[in-house]
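File shown here: data.pdb, holding PDB, C-alpha atoms.
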```
ATOM      1  CA  MET A  22      18.593 -72.272 -15.536  1.00  0.00           C
ATOM      2  CA  ASN A  23      18.998 -73.644 -19.058  1.00  0.00           C
ATOM      3  CA  GLU A  24      20.230 -77.201 -19.560  1.00  0.00           C
ATOM      4  CA  SER A  25      23.364 -76.181 -21.455  1.00  0.00           C
ATOM      5  CA  LEU A  26      24.640 -73.993 -18.617  1.00  0.00           C
ATOM      6  CA  LYS A  27      23.746 -76.591 -16.005  1.00  0.00           C
ATOM      7  CA  ASP A  28      25.622 -79.294 -17.934  1.00  0.00           C
ATOM      8  CA  SER A  29      28.656 -77.012 -18.271  1.00  0.00           C
ATOM      9  CA  ILE A  30      28.762 -76.437 -14.508  1.00  0.00           C
ATOM     10  CA  ILE A  31      28.427 -80.163 -13.787  1.00  0.00           C
ATOM     11  CA  SER A  32      31.233 -80.867 -16.260  1.00  0.00           C
ATOM     12  CA  LEU A  33      33.395 -78.272 -14.494  1.00  0.00           C
ATOM     13  CA  LEU A  34      32.702 -79.871 -11.112  1.00  0.00           C
ATOM     14  CA  LYS A  35      33.626 -83.317 -12.403  1.00  0.00           C
ATOM     15  CA  ARG A  36      36.928 -81.980 -13.761  1.00  0.00           C
ATOM     16  CA  GLU A  37      37.841 -80.163 -10.575  1.00  0.00           C
ATOM     17  CA  VAL A  38      36.461 -82.428  -7.849  1.00  0.00           C
ATOM     18  CA  VAL A  39      38.706 -85.482  -8.195  1.00  0.00           C
ATOM     19  CA  PRO A  40      39.910 -87.699  -5.334  1.00  0.00           C
ATOM     20  CA  ALA A  41      43.691 -87.649  -4.882  1.00  0.00           C
ATOM     21  CA  THR A  42      46.105 -89.399  -2.555  1.00  0.00           C
ATOM     22  CA  GLY A  43      47.843 -86.312  -1.211  1.00  0.00           C
ATOM     23  CA  CYS A  44      48.555 -82.960  -2.838  1.00  0.00           C
ATOM     24  CA  THR A  45      47.833 -83.038  -6.561  1.00  0.00           C
ATOM     25  CA  GLU A  46      51.210 -81.723  -7.777  1.00  0.00           C
ATOM     26  CA  PRO A  47      53.540 -84.396  -6.339  1.00  0.00           C
ATOM     27  CA  VAL A  48      50.937 -87.091  -6.975  1.00  0.00           C
ATOM     28  CA  ALA A  49      50.693 -86.029 -10.630  1.00  0.00           C
ATOM     29  CA  VAL A  50      54.483 -86.371 -10.925  1.00  0.00           C
ATOM     30  CA  ALA A  51      54.219 -89.803  -9.293  1.00  0.00           C
ATOM     31  CA  LEU A  52      51.492 -90.678 -11.784  1.00  0.00           C
ATOM     32  CA  ALA A  53      53.716 -89.717 -14.722  1.00  0.00           C
ATOM     33  CA  THR A  54      56.564 -91.735 -13.210  1.00  0.00           C
ATOM     34  CA  ALA A  55      54.340 -94.772 -12.826  1.00  0.00           C
ATOM     35  CA  ARG A  56      53.254 -94.516 -16.447  1.00  0.00           C
ATOM     36  CA  ALA A  57      56.825 -94.046 -17.680  1.00  0.00           C
ATOM     37  CA  ARG A  58      57.942 -97.178 -15.826  1.00  0.00           C
ATOM     38  CA  GLU A  59      55.005 -99.118 -17.273  1.00  0.00           C
ATOM     39  CA  LEU A  60      55.958 -97.957 -20.768  1.00  0.00           C
ATOM     40  CA  ALA A  61      59.556 -99.080 -20.209  1.00  0.00           C
ATOM     41  CA  CYS A  62      58.196-102.523 -19.225  1.00  0.00           C
ATOM     42  CA  ILE A  63      60.586-102.848 -16.291  1.00  0.00           C
ATOM     43  CA  SER A  64      60.187-103.456 -12.568  1.00  0.00           C
ATOM     44  CA  TYR A  65      61.253-100.895  -9.986  1.00  0.00           C
ATOM     45  CA  ASN A  66      64.411-102.853  -9.106  1.00  0.00           C
ATOM     46  CA  GLU A  67      65.587-102.598 -12.726  1.00  0.00           C
ATOM     47  CA  ILE A  68      65.412 -98.796 -12.781  1.00  0.00           C
ATOM     48  CA  GLU A  69      68.732 -97.080 -13.462  1.00  0.00           C
ATOM     49  CA  ALA A  70      67.543 -93.468 -13.858  1.00  0.00           C
ATOM     50  CA  ILE A  71      64.421 -91.342 -13.459  1.00  0.00           C
ATOM     51  CA  ASN A  72      64.535 -87.884 -15.022  1.00  0.00           C
ATOM     52  CA  CYS A  73      61.754 -85.413 -14.254  1.00  0.00           C
ATOM     53  CA  HIS A  74      61.550 -82.230 -16.336  1.00  0.00           C
ATOM     54  CA  LEU A  75      58.974 -80.021 -14.621  1.00  0.00           C
ATOM     55  CA  SER A  76      57.437 -76.582 -14.968  1.00  0.00           C
ATOM     56  CA  GLY A  77      58.257 -74.064 -12.261  1.00  0.00           C
ATOM     57  CA  ASN A  78      54.716 -74.090 -10.934  1.00  0.00           C
ATOM     58  CA  ILE A  79      54.814 -77.838 -10.351  1.00  0.00           C
ATOM     59  CA  ILE A  80      58.161 -77.621  -8.545  1.00  0.00           C
ATOM     60  CA  LYS A  81      56.981 -74.679  -6.421  1.00  0.00           C
ATOM     61  CA  ASN A  82      53.756 -76.344  -5.354  1.00  0.00           C
ATOM     62  CA  ALA A  83      55.334 -79.724  -4.613  1.00  0.00           C
ATOM     63  CA  MET A  84      58.453 -78.676  -2.699  1.00  0.00           C
ATOM     64  CA  GLY A  85      57.101 -78.516   0.834  1.00  0.00           C
ATOM     65  CA  VAL A  86      54.036 -80.750   0.949  1.00  0.00           C
ATOM     66  CA  GLY A  87      53.803 -84.046   2.784  1.00  0.00           C
ATOM     67  CA  ILE A  88      53.406 -87.356   0.976  1.00  0.00           C
ATOM     68  CA  PRO A  89      50.734 -89.464   2.725  1.00  0.00           C
ATOM     69  CA  GLY A  90      51.982 -92.542   4.547  1.00  0.00           C
ATOM     70  CA  THR A  91      55.660 -91.566   4.385  1.00  0.00           C
ATOM     71  CA  GLY A  92      56.330 -88.913   7.019  1.00  0.00           C
ATOM     72  CA  MET A  93      58.356 -87.176   4.294  1.00  0.00           C
ATOM     73  CA  ILE A  94      57.884 -84.129   2.103  1.00  0.00           C
ATOM     74  CA  GLY A  95      58.731 -83.175  -1.459  1.00  0.00           C
ATOM     75  CA  LEU A  96      59.158 -84.647  -4.898  1.00  0.00           C
ATOM     76  CA  PRO A  97      61.933 -87.280  -4.578  1.00  0.00           C
ATOM     77  CA  ILE A  98      59.938 -89.667  -2.378  1.00  0.00           C
ATOM     78  CA  ALA A  99      56.783 -89.074  -4.452  1.00  0.00           C
ATOM     79  CA  VAL A 100      58.702 -89.942  -7.631  1.00  0.00           C
ATOM     80  CA  ALA A 101      60.241 -93.012  -5.982  1.00  0.00           C
ATOM     81  CA  LEU A 102      56.860 -94.291  -4.807  1.00  0.00           C
ATOM     82  CA  GLY A 103      55.415 -93.693  -8.257  1.00  0.00           C
ATOM     83  CA  ALA A 104      58.121 -96.001  -9.594  1.00  0.00           C
ATOM     84  CA  VAL A 105      57.665 -98.614  -6.873  1.00  0.00           C
ATOM     85  CA  ILE A 106      53.893 -98.947  -6.413  1.00  0.00           C
ATOM     86  CA  GLY A 107      52.324 -96.402  -8.769  1.00  0.00           C
ATOM     87  CA  LYS A 108      49.500 -97.588 -11.033  1.00  0.00           C
ATOM     88  CA  SER A 109      48.630 -95.153 -13.795  1.00  0.00           C
ATOM     89  CA  GLU A 110      45.091 -96.499 -14.202  1.00  0.00           C
ATOM     90  CA  LEU A 111      44.286 -95.093 -10.742  1.00  0.00           C
ATOM     91  CA  GLY A 112      44.926 -91.497 -11.821  1.00  0.00           C
ATOM     92  CA  LEU A 113      45.537 -89.180  -8.869  1.00  0.00           C
ATOM     93  CA  GLU A 114      45.063 -92.140  -6.529  1.00  0.00           C
ATOM     94  CA  ALA A 115      48.148 -93.796  -8.055  1.00  0.00           C
ATOM     95  CA  LEU A 116      49.827 -93.918  -4.626  1.00  0.00           C
ATOM     96  CA  SER A 117      46.849 -95.328  -2.732  1.00  0.00           C
ATOM     97  CA  GLY A 118      48.699 -98.608  -2.104  1.00  0.00           C
ATOM     98  CA  VAL A 119      51.531 -97.054  -0.102  1.00  0.00           C
ATOM     99  CA  ASP A 120      52.647 -99.006   2.956  1.00  0.00           C
ATOM    100  CA  ALA A 121      55.729 -99.232   5.173  1.00  0.00           C
ATOM    101  CA  ASP A 122      57.522-101.649   2.834  1.00  0.00           C
ATOM    102  CA  ALA A 123      56.951 -99.409  -0.178  1.00  0.00           C
ATOM    103  CA  VAL A 124      58.255 -96.400   1.746  1.00  0.00           C
ATOM    104  CA  GLU A 125      61.475 -98.223   2.651  1.00  0.00           C
ATOM    105  CA  ILE A 126      62.021 -99.286  -0.963  1.00  0.00           C
ATOM    106  CA  GLY A 127      61.257 -95.725  -2.074  1.00  0.00           C
ATOM    107  CA  LYS A 128      63.839 -94.345   0.353  1.00  0.00           C
ATOM    108  CA  THR A 129      66.399 -96.740  -1.130  1.00  0.00           C
ATOM    109  CA  LEU A 130      65.718 -95.360  -4.615  1.00  0.00           C
ATOM    110  CA  VAL A 131      66.108 -91.813  -3.323  1.00  0.00           C
ATOM    111  CA  ASP A 132      69.399 -92.711  -1.625  1.00  0.00           C
ATOM    112  CA  LYS A 133      70.758 -94.158  -4.879  1.00  0.00           C
ATOM    113  CA  ASN A 134      70.660 -90.626  -6.377  1.00  0.00           C
ATOM    114  CA  ILE A 135      69.083 -91.900  -9.587  1.00  0.00           C
ATOM    115  CA  ILE A 136      66.208 -89.388  -9.473  1.00  0.00           C
ATOM    116  CA  GLY A 137      66.861 -86.169 -11.359  1.00  0.00           C
ATOM    117  CA  ILE A 138      64.529 -83.173 -11.089  1.00  0.00           C
ATOM    118  CA  THR A 139      65.110 -80.225 -13.410  1.00  0.00           C
ATOM    119  CA  LEU A 140      63.260 -77.049 -14.301  1.00  0.00           C
ATOM    120  CA  ALA A 141      61.623 -77.021 -17.731  1.00  0.00           C
ATOM    121  CA  GLU A 142      62.368 -73.401 -18.562  1.00  0.00           C
ATOM    122  CA  ASP A 143      60.693 -73.834 -21.953  1.00  0.00           C
ATOM    123  CA  ALA A 144      57.582 -75.533 -20.522  1.00  0.00           C
ATOM    124  CA  PRO A 145      54.579 -74.879 -22.785  1.00  0.00           C
ATOM    125  CA  ASP A 146      52.197 -74.652 -19.835  1.00  0.00           C
ATOM    126  CA  MET A 147      52.183 -73.848 -16.117  1.00  0.00           C
ATOM    127  CA  LEU A 148      51.271 -77.486 -15.507  1.00  0.00           C
ATOM    128  CA  TYR A 149      53.897 -79.548 -17.316  1.00  0.00           C
ATOM    129  CA  ILE A 150      55.404 -82.889 -16.222  1.00  0.00           C
ATOM    130  CA  ASP A 151      57.866 -84.801 -18.434  1.00  0.00           C
ATOM    131  CA  VAL A 152      59.230 -88.010 -16.874  1.00  0.00           C
ATOM    132  CA  THR A 153      61.609 -90.563 -18.403  1.00  0.00           C
ATOM    133  CA  VAL A 154      62.421 -93.864 -16.694  1.00  0.00           C
ATOM    134  CA  GLU A 155      65.406 -95.918 -17.895  1.00  0.00           C
ATOM    135  CA  GLY A 156      66.634 -99.395 -17.061  1.00  0.00           C
ATOM    136  CA  ASN A 157      67.625-102.782 -18.438  1.00  0.00           C
ATOM    137  CA  GLY A 158      68.290-101.248 -21.863  1.00  0.00           C
ATOM    138  CA  HIS A 159      64.796 -99.754 -22.162  1.00  0.00           C
ATOM    139  CA  SER A 160      63.131 -96.431 -21.527  1.00  0.00           C
ATOM    140  CA  GLY A 161      59.642 -95.066 -21.041  1.00  0.00           C
ATOM    141  CA  ARG A 162      58.525 -91.468 -21.243  1.00  0.00           C
ATOM    142  CA  ALA A 163      55.245 -89.905 -20.118  1.00  0.00           C
ATOM    143  CA  VAL A 164      54.266 -86.254 -20.487  1.00  0.00           C
ATOM    144  CA  ILE A 165      51.363 -84.637 -18.631  1.00  0.00           C
ATOM    145  CA  GLN A 166      50.202 -81.162 -19.594  1.00  0.00           C
ATOM    146  CA  ALA A 167      47.475 -78.683 -18.672  1.00  0.00           C
ATOM    147  CA  SER A 168      45.595 -80.927 -16.217  1.00  0.00           C
ATOM    148  CA  HIS A 169      46.928 -83.362 -13.649  1.00  0.00           C
ATOM    149  CA  CYS A 170      45.861 -86.558 -15.454  1.00  0.00           C
ATOM    150  CA  SER A 171      46.158 -85.395 -19.072  1.00  0.00           C
ATOM    151  CA  PHE A 172      48.810 -87.487 -20.856  1.00  0.00           C
ATOM    152  CA  VAL A 173      49.785 -85.776 -24.107  1.00  0.00           C
ATOM    153  CA  LEU A 174      52.752 -87.988 -25.013  1.00  0.00           C
ATOM    154  CA  GLU A 175      53.795 -91.561 -24.265  1.00  0.00           C
ATOM    155  CA  GLU A 176      56.973 -93.168 -25.590  1.00  0.00           C
ATOM    156  CA  ARG A 177      58.629 -96.567 -25.349  1.00  0.00           C
ATOM    157  CA  ASP A 178      62.324 -96.710 -26.272  1.00  0.00           C
ATOM    158  CA  GLY A 179      62.019 -93.337 -28.002  1.00  0.00           C
ATOM    159  CA  THR A 180      59.020 -94.318 -30.131  1.00  0.00           C
ATOM    160  CA  ALA A 181      55.631 -92.706 -29.568  1.00  0.00           C
ATOM    161  CA  ILE A 182      52.869 -95.053 -28.449  1.00  0.00           C
ATOM    162  CA  GLY A 183      49.525 -94.349 -30.095  1.00  0.00           C
ATOM    163  CA  GLU A 184      48.490 -91.022 -31.565  1.00  0.00           C
ATOM    164  CA  ALA A 185      49.757 -87.860 -29.917  1.00  0.00           C
ATOM    165  CA  LYS A 186      47.012 -85.962 -28.155  1.00  0.00           C
ATOM    166  CA  LYS A 187      46.507 -82.255 -28.650  1.00  0.00           C
ATOM    167  CA  ALA A 188      48.611 -80.444 -26.069  1.00  0.00           C
ATOM    168  CA  ALA A 189      46.038 -77.961 -24.860  1.00  0.00           C
ATOM    169  CA  THR A 190      46.984 -75.143 -22.547  1.00  0.00           C
ATOM    170  CA  SER A 191      45.408 -74.863 -19.099  1.00  0.00           C
ATOM    171  CA  GLU A 192      43.207 -72.042 -20.359  1.00  0.00           C
ATOM    172  CA  GLU A 193      42.020 -74.077 -23.357  1.00  0.00           C
ATOM    173  CA  GLN A 194      41.280 -77.123 -21.213  1.00  0.00           C
ATOM    174  CA  CYS A 195      39.310 -75.158 -18.689  1.00  0.00           C
ATOM    175  CA  GLU A 196      36.488 -73.965 -20.962  1.00  0.00           C
ATOM    176  CA  CYS A 197      34.783 -72.693 -17.832  1.00  0.00           C
ATOM    177  CA  PRO A 198      31.286 -71.234 -17.990  1.00  0.00           C
ATOM    178  CA  GLU A 199      30.996 -67.624 -16.874  1.00  0.00           C
ATOM    179  CA  LEU A 200      29.743 -67.761 -13.310  1.00  0.00           C
ATOM    180  CA  SER A 201      28.272 -65.282 -10.875  1.00  0.00           C
ATOM    181  CA  MET A 202      26.911 -65.659  -7.366  1.00  0.00           C
ATOM    182  CA  ARG A 203      23.382 -65.632  -8.817  1.00  0.00           C
ATOM    183  CA  ILE A 204      24.196 -68.430 -11.284  1.00  0.00           C
ATOM    184  CA  VAL A 205      25.891 -70.530  -8.591  1.00  0.00           C
ATOM    185  CA  TRP A 206      22.908 -70.025  -6.278  1.00  0.00           C
ATOM    186  CA  ASP A 207      20.400 -70.946  -8.968  1.00  0.00           C
ATOM    187  CA  PHE A 208      22.430 -74.045  -9.861  1.00  0.00           C
ATOM    188  CA  ALA A 209      22.607 -75.157  -6.229  1.00  0.00           C
ATOM    189  CA  MET A 210      18.885 -74.604  -5.664  1.00  0.00           C
ATOM    190  CA  SER A 211      17.550 -76.111  -8.880  1.00  0.00           C
ATOM    191  CA  THR A 212      19.811 -78.993  -9.916  1.00  0.00           C
ATOM    192  CA  PRO A 213      18.378 -82.440  -9.057  1.00  0.00           C
ATOM    193  CA  LEU A 214      20.468 -84.051  -6.316  1.00  0.00           C
ATOM    194  CA  ASP A 215      20.976 -87.276  -8.239  1.00  0.00           C
ATOM    195  CA  GLU A 216      22.857 -85.316 -10.924  1.00  0.00           C
ATOM    196  CA  ILE A 217      25.462 -84.071  -8.433  1.00  0.00           C
ATOM    197  CA  SER A 218      25.526 -87.017  -6.035  1.00  0.00           C
ATOM    198  CA  PHE A 219      29.188 -87.582  -6.906  1.00  0.00           C
ATOM    199  CA  MET A 220      29.902 -84.574  -4.651  1.00  0.00           C
ATOM    200  CA  LEU A 221      28.949 -86.691  -1.611  1.00  0.00           C
ATOM    201  CA  GLU A 222      32.192 -88.659  -1.903  1.00  0.00           C
ATOM    202  CA  THR A 223      34.076 -85.377  -1.611  1.00  0.00           C
ATOM    203  CA  ARG A 224      32.194 -84.538   1.582  1.00  0.00           C
ATOM    204  CA  GLN A 225      33.113 -87.924   3.078  1.00  0.00           C
ATOM    205  CA  LEU A 226      36.783 -87.623   2.100  1.00  0.00           C
ATOM    206  CA  ASN A 227      37.094 -84.067   3.420  1.00  0.00           C
ATOM    207  CA  LYS A 228      35.362 -84.998   6.685  1.00  0.00           C
ATOM    208  CA  ALA A 229      37.702 -87.971   7.161  1.00  0.00           C
ATOM    209  CA  ALA A 230      40.734 -85.784   6.430  1.00  0.00           C
ATOM    210  CA  ALA A 231      39.554 -83.171   8.934  1.00  0.00           C
ATOM    211  CA  GLU A 232      39.065 -85.822  11.624  1.00  0.00           C
ATOM    212  CA  TRP A 233      42.591 -87.157  11.107  1.00  0.00           C
ATOM    213  CA  ALA A 234      43.982 -83.613  11.188  1.00  0.00           C
ATOM    214  CA  LEU A 235      42.476 -83.152  14.658  1.00  0.00           C
ATOM    215  CA  MET A 236      44.470 -86.142  15.916  1.00  0.00           C
ATOM    216  CA  ASP A 237      47.910 -85.361  14.469  1.00  0.00           C
ATOM    217  CA  PRO A 238      49.669 -82.253  13.065  1.00  0.00           C
ATOM    218  CA  TYR A 239      49.686 -83.249   9.385  1.00  0.00           C
ATOM    219  CA  GLY A 240      51.003 -80.974   6.653  1.00  0.00           C
ATOM    220  CA  HIS A 241      49.711 -77.441   6.966  1.00  0.00           C
ATOM    221  CA  HIS A 242      47.257 -78.427   9.738  1.00  0.00           C
ATOM    222  CA  VAL A 243      44.220 -77.795   7.554  1.00  0.00           C
TER     223      VAL A 243
END
```

As a first step, turn the structure in this file into C-alpha cells.
Amino acid sequence: MNESLKDSIISLLKREVVPATGCTEPVAVALATARARELACISYNEIEAINCHLSGNIIKNAMGVGIPGTGMIGLPIAVALGAVIGKSELGLEALSGVDADAVEIGKTLVDKNIIGITLAEDAPDMLYIDVTVEGNGHSGRAVIQASHCSFVLEERDGTAIGEAKKAATSEEQCECPELSMRIVWDFAMSTPLDEISFMLETRQLNKAAAEWALMDPYGHHV
C-alpha cells in the first residue's frame, strides 16, 4: 500500500473516531451553545434566551436519544447543560463534567422556557447548528457546519470574531479515499500499530459502554 493512501485512511479514521459524551448530534448542539455563551461573556444565570436554528437532520437524530447523566432525552436538556457546564475547548466531550447539580440547574433553564429550537429550512448542509445566547445586554453566536466540531462563524454582540472559515459542505469535508474490502484488508495487515494506536482508546470506551449497558437499560440498549 502506498504511503499517500495509507495517510488518507489514517486521516479519515482520526476524523471519524472521536470520543463524545453521548450521541454526537445533541452534544454538538450543546457544544455550539457552550461556545455561544462564552462569546457573550456571560454566566449561565445571566442567560435570558437561547435560540437554536438547526437542520432537519440534526433535529431528527437528536429527538429521542438519552443525554448521559441526566435520565432525560432530547435537545432542551442538552442545550441547557451546554449553557451551564459546557466547555467548547473539550469538543464533543463538552458535557463531560455533568453531575446532579448541573442537571438540576439545567432543568431550571428548561422550565423557564427560554430555549427555542427551530428548523433551519434554508440550512446549507445536512449538519447545520446555529445557536445564539443572549443575556445582560450581550449576545454570542456560534455556527457549526458540515462536521460536529467545525465552527464556521463566531459572533459577539453581532460582530464576527476572527476570520470567517470556509463553510464546506459535508461532502467537501469528507474527502474520503476510495475504499474496497481489499484496500481495507491491506491497510489493516500492513500499517504499523504505533500509527493507529489512537484506536485503542476507542476499544476501551466501547468496552466500558457495553459493560454499563449490561447493567442498566440505557438508550437503545446497544

Subject >> Residue neighbourhood region 75-83 of chain A, 6 Å, all atoms listed in the file, exclusion window fewer than 3 positions, as a list in words >> reply: Glu46, Pro47, Val86, Gly95, Leu140, Ala141, Ala144, Met147, Tyr149 and Ile150 of chain A

Subject >> Best match for closeness to Pro97 (chain A) among A:Cys44, A:Cys73, A:Ile68, A:Ile182, counting all atoms listed in the file >> reply: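 Residue with the minimum atom-to-atom distance to Pro97 (chain A): A:Cys73.
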
Original post:
What does the distance between CA of Ala181 (chain A) and CA of Ile98 (chain A) come to in Å, to one decimal place?
Top reply: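 That distance, rounded to one decimal, is 27.7 Å.
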
Subject >> Interatomic distance, CA of Met220 (chain A) to CA of Leu200 (chain A) (Å, one decimal) >> reply: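 Result for CA of Met220 (chain A) versus CA of Leu200 (chain A): 18.9 Å, one decimal.
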
Original post:
When you draw a straight line from CA of Asp120 (chain A) to CA of Asn66 (chain A), how long is it in Å?
Top reply: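 One can read the CA of Asp120 (chain A) to CA of Asn66 (chain A) distance as 17.3 Å.
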
Mind telling me what the PyMOL selection byres ((chain A and resi 134) around 12) catches here, as a short mmCIF file (atom, residue, chain, number, x, y, z; two decimals) with C-alpha atoms, keeping the file's coordinate frame?
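Wrote result-v2.cif, looks like this:
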```cif
data_model
loop_
_atom_site.label_atom_id
_atom_site.label_comp_id
_atom_site.auth_asym_id
_atom_site.auth_seq_id
_atom_site.Cartn_x
_atom_site.Cartn_y
_atom_site.Cartn_z
CA ILE A 68 65.41 -98.80 -12.78
CA GLU A 69 68.73 -97.08 -13.46
CA ALA A 70 67.54 -93.47 -13.86
CA ILE A 71 64.42 -91.34 -13.46
CA ASN A 72 64.54 -87.88 -15.02
CA PRO A 97 61.93 -87.28 -4.58
CA ILE A 98 59.94 -89.67 -2.38
CA ALA A 101 60.24 -93.01 -5.98
CA GLY A 127 61.26 -95.72 -2.07
CA LYS A 128 63.84 -94.34 0.35
CA THR A 129 66.40 -96.74 -1.13
CA LEU A 130 65.72 -95.36 -4.62
CA VAL A 131 66.11 -91.81 -3.32
CA ASP A 132 69.40 -92.71 -1.62
CA LYS A 133 70.76 -94.16 -4.88
CA ILE A 135 69.08 -91.90 -9.59
CA ILE A 136 66.21 -89.39 -9.47
CA GLY A 137 66.86 -86.17 -11.36
CA ILE A 138 64.53 -83.17 -11.09
#
```

Subject >> Residues within 9 Å of His159 (chain A), all atoms listed in the file, excluding chain neighbours under 5 positions, as a list in words >> reply: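 Surrounding residues, per the criterion: Ala61, Cys62, Ile63, Val154, Arg177 and Asp178 of chain A.
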
Output as JSON lines one row per residue of region 109-183 of chain A within 8 Å of region 87-91 of chain A: the closest atom pair and its distance in Å to one decimal place, counting only C-alpha atoms, sorted by chain and residue number ascending.
```
{"residue": "A:Val119", "atom": "CA", "partner": "A:Gly90", "partner_atom": "CA", "distance": 6.5}
{"residue": "A:Asp120", "atom": "CA", "partner": "A:Gly90", "partner_atom": "CA", "distance": 6.7}
{"residue": "A:Ala121", "atom": "CA", "partner": "A:Gly90", "partner_atom": "CA", "distance": 7.7}
{"residue": "A:Val124", "atom": "CA", "partner": "A:Thr91", "partner_atom": "CA", "distance": 6.1}
```

Would you mind exporting C-alpha atoms of the selected residues as a PDB file, in the coordinates of the input?
```pdb
ATOM      1  CA  VAL A 119      51.531 -97.054  -0.102  1.00  0.00           C
ATOM      2  CA  ASP A 120      52.647 -99.006   2.956  1.00  0.00           C
ATOM      3  CA  ALA A 121      55.729 -99.232   5.173  1.00  0.00           C
ATOM      4  CA  VAL A 124      58.255 -96.400   1.746  1.00  0.00           C
TER       5      VAL A 124
END
```

**OP:** Would you mind listing what lies within 10 Å of region 203-210 of chain A as an MDAnalysis selection string, with only C-alpha atoms counted and same-chain residues fewer than 6 positions away left out?
**Re:** chainID A and resid 22:23 26:27 30:31 217

**OP:** Determine, counting only C-alpha atoms, which protein, DNA and RNA residues have an atom within 6 Å of an atom of Leu148 (chain A); residues of the same chain fewer than 2 positions away are not included. Present the result as an MDAnalysis selection string.
**Re:** chainID A and resid 146 166:167

Would you output that residue set with C-alpha atoms, as an mmCIF file, in the coordinates of the input?
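File part20.cif, as written:
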```cif
data_model
loop_
_atom_site.group_PDB
_atom_site.id
_atom_site.type_symbol
_atom_site.label_atom_id
_atom_site.label_comp_id
_atom_site.auth_asym_id
_atom_site.auth_seq_id
_atom_site.Cartn_x
_atom_site.Cartn_y
_atom_site.Cartn_z
ATOM 1 C CA ASP A 146 52.197 -74.652 -19.835
ATOM 2 C CA GLN A 166 50.202 -81.162 -19.594
ATOM 3 C CA ALA A 167 47.475 -78.683 -18.672
#
```

Extract, using all atoms listed in the file, all DNA, RNA and protein residues at most 12 Å from Cys170 (chain A), discarding same-chain residues fewer than 4 positions from it, and format them as a PDB file with C-alpha atoms, keeping the file's coordinate frame.
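Produced file around02.pdb, reproduced below:
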```pdb
ATOM      1  CA  ARG A  36      36.928 -81.980 -13.761  1.00  0.00           C
ATOM      2  CA  GLU A  37      37.841 -80.163 -10.575  1.00  0.00           C
ATOM      3  CA  VAL A  39      38.706 -85.482  -8.195  1.00  0.00           C
ATOM      4  CA  PRO A  40      39.910 -87.699  -5.334  1.00  0.00           C
ATOM      5  CA  ALA A  41      43.691 -87.649  -4.882  1.00  0.00           C
ATOM      6  CA  THR A  45      47.833 -83.038  -6.561  1.00  0.00           C
ATOM      7  CA  GLU A  46      51.210 -81.723  -7.777  1.00  0.00           C
ATOM      8  CA  VAL A  48      50.937 -87.091  -6.975  1.00  0.00           C
ATOM      9  CA  ALA A  49      50.693 -86.029 -10.630  1.00  0.00           C
ATOM     10  CA  VAL A  50      54.483 -86.371 -10.925  1.00  0.00           C
ATOM     11  CA  ALA A  51      54.219 -89.803  -9.293  1.00  0.00           C
ATOM     12  CA  LEU A  52      51.492 -90.678 -11.784  1.00  0.00           C
ATOM     13  CA  ALA A  53      53.716 -89.717 -14.722  1.00  0.00           C
ATOM     14  CA  ARG A  56      53.254 -94.516 -16.447  1.00  0.00           C
ATOM     15  CA  SER A 109      48.630 -95.153 -13.795  1.00  0.00           C
ATOM     16  CA  GLU A 110      45.091 -96.499 -14.202  1.00  0.00           C
ATOM     17  CA  LEU A 111      44.286 -95.093 -10.742  1.00  0.00           C
ATOM     18  CA  GLY A 112      44.926 -91.497 -11.821  1.00  0.00           C
ATOM     19  CA  LEU A 113      45.537 -89.180  -8.869  1.00  0.00           C
ATOM     20  CA  GLU A 114      45.063 -92.140  -6.529  1.00  0.00           C
ATOM     21  CA  ALA A 115      48.148 -93.796  -8.055  1.00  0.00           C
ATOM     22  CA  LEU A 148      51.271 -77.486 -15.507  1.00  0.00           C
ATOM     23  CA  TYR A 149      53.897 -79.548 -17.316  1.00  0.00           C
ATOM     24  CA  ILE A 150      55.404 -82.889 -16.222  1.00  0.00           C
ATOM     25  CA  ALA A 163      55.245 -89.905 -20.118  1.00  0.00           C
ATOM     26  CA  VAL A 164      54.266 -86.254 -20.487  1.00  0.00           C
ATOM     27  CA  ILE A 165      51.363 -84.637 -18.631  1.00  0.00           C
ATOM     28  CA  GLN A 166      50.202 -81.162 -19.594  1.00  0.00           C
ATOM     29  CA  LEU A 174      52.752 -87.988 -25.013  1.00  0.00           C
ATOM     30  CA  GLN A 194      41.280 -77.123 -21.213  1.00  0.00           C
TER      31      GLN A 194
END
```

Keeping C-alpha atoms, write region 145-166 of chain A of the structure just shown out as an mmCIF file, in the first residue's frame.
```cif
data_model
loop_
_atom_site.group_PDB
_atom_site.id
_atom_site.type_symbol
_atom_site.label_atom_id
_atom_site.label_comp_id
_atom_site.auth_asym_id
_atom_site.auth_seq_id
_atom_site.Cartn_x
_atom_site.Cartn_y
_atom_site.Cartn_z
ATOM 1 C CA PRO A 145 -26.782 24.969 3.681
ATOM 2 C CA ASP A 146 -25.845 21.486 4.871
ATOM 3 C CA MET A 147 -27.400 18.400 6.462
ATOM 4 C CA LEU A 148 -25.274 19.117 9.528
ATOM 5 C CA TYR A 149 -26.005 22.715 10.499
ATOM 6 C CA ILE A 150 -26.200 24.189 14.023
ATOM 7 C CA ASP A 151 -26.725 27.930 14.608
ATOM 8 C CA VAL A 152 -27.010 28.930 18.283
ATOM 9 C CA THR A 153 -27.415 32.416 19.766
ATOM 10 C CA VAL A 154 -27.246 33.065 23.511
ATOM 11 C CA GLU A 155 -28.482 36.399 24.899
ATOM 12 C CA GLY A 156 -28.299 37.981 28.328
ATOM 13 C CA ASN A 157 -27.228 41.016 30.326
ATOM 14 C CA GLY A 158 -27.319 43.174 27.185
ATOM 15 C CA HIS A 159 -24.921 40.926 25.255
ATOM 16 C CA SER A 160 -25.153 38.115 22.752
ATOM 17 C CA GLY A 161 -22.963 35.354 21.394
ATOM 18 C CA ARG A 162 -23.499 33.313 18.266
ATOM 19 C CA ALA A 163 -21.778 30.103 17.169
ATOM 20 C CA VAL A 164 -22.398 28.231 13.923
ATOM 21 C CA ILE A 165 -21.258 24.657 13.283
ATOM 22 C CA GLN A 166 -21.454 23.205 9.789
#
```
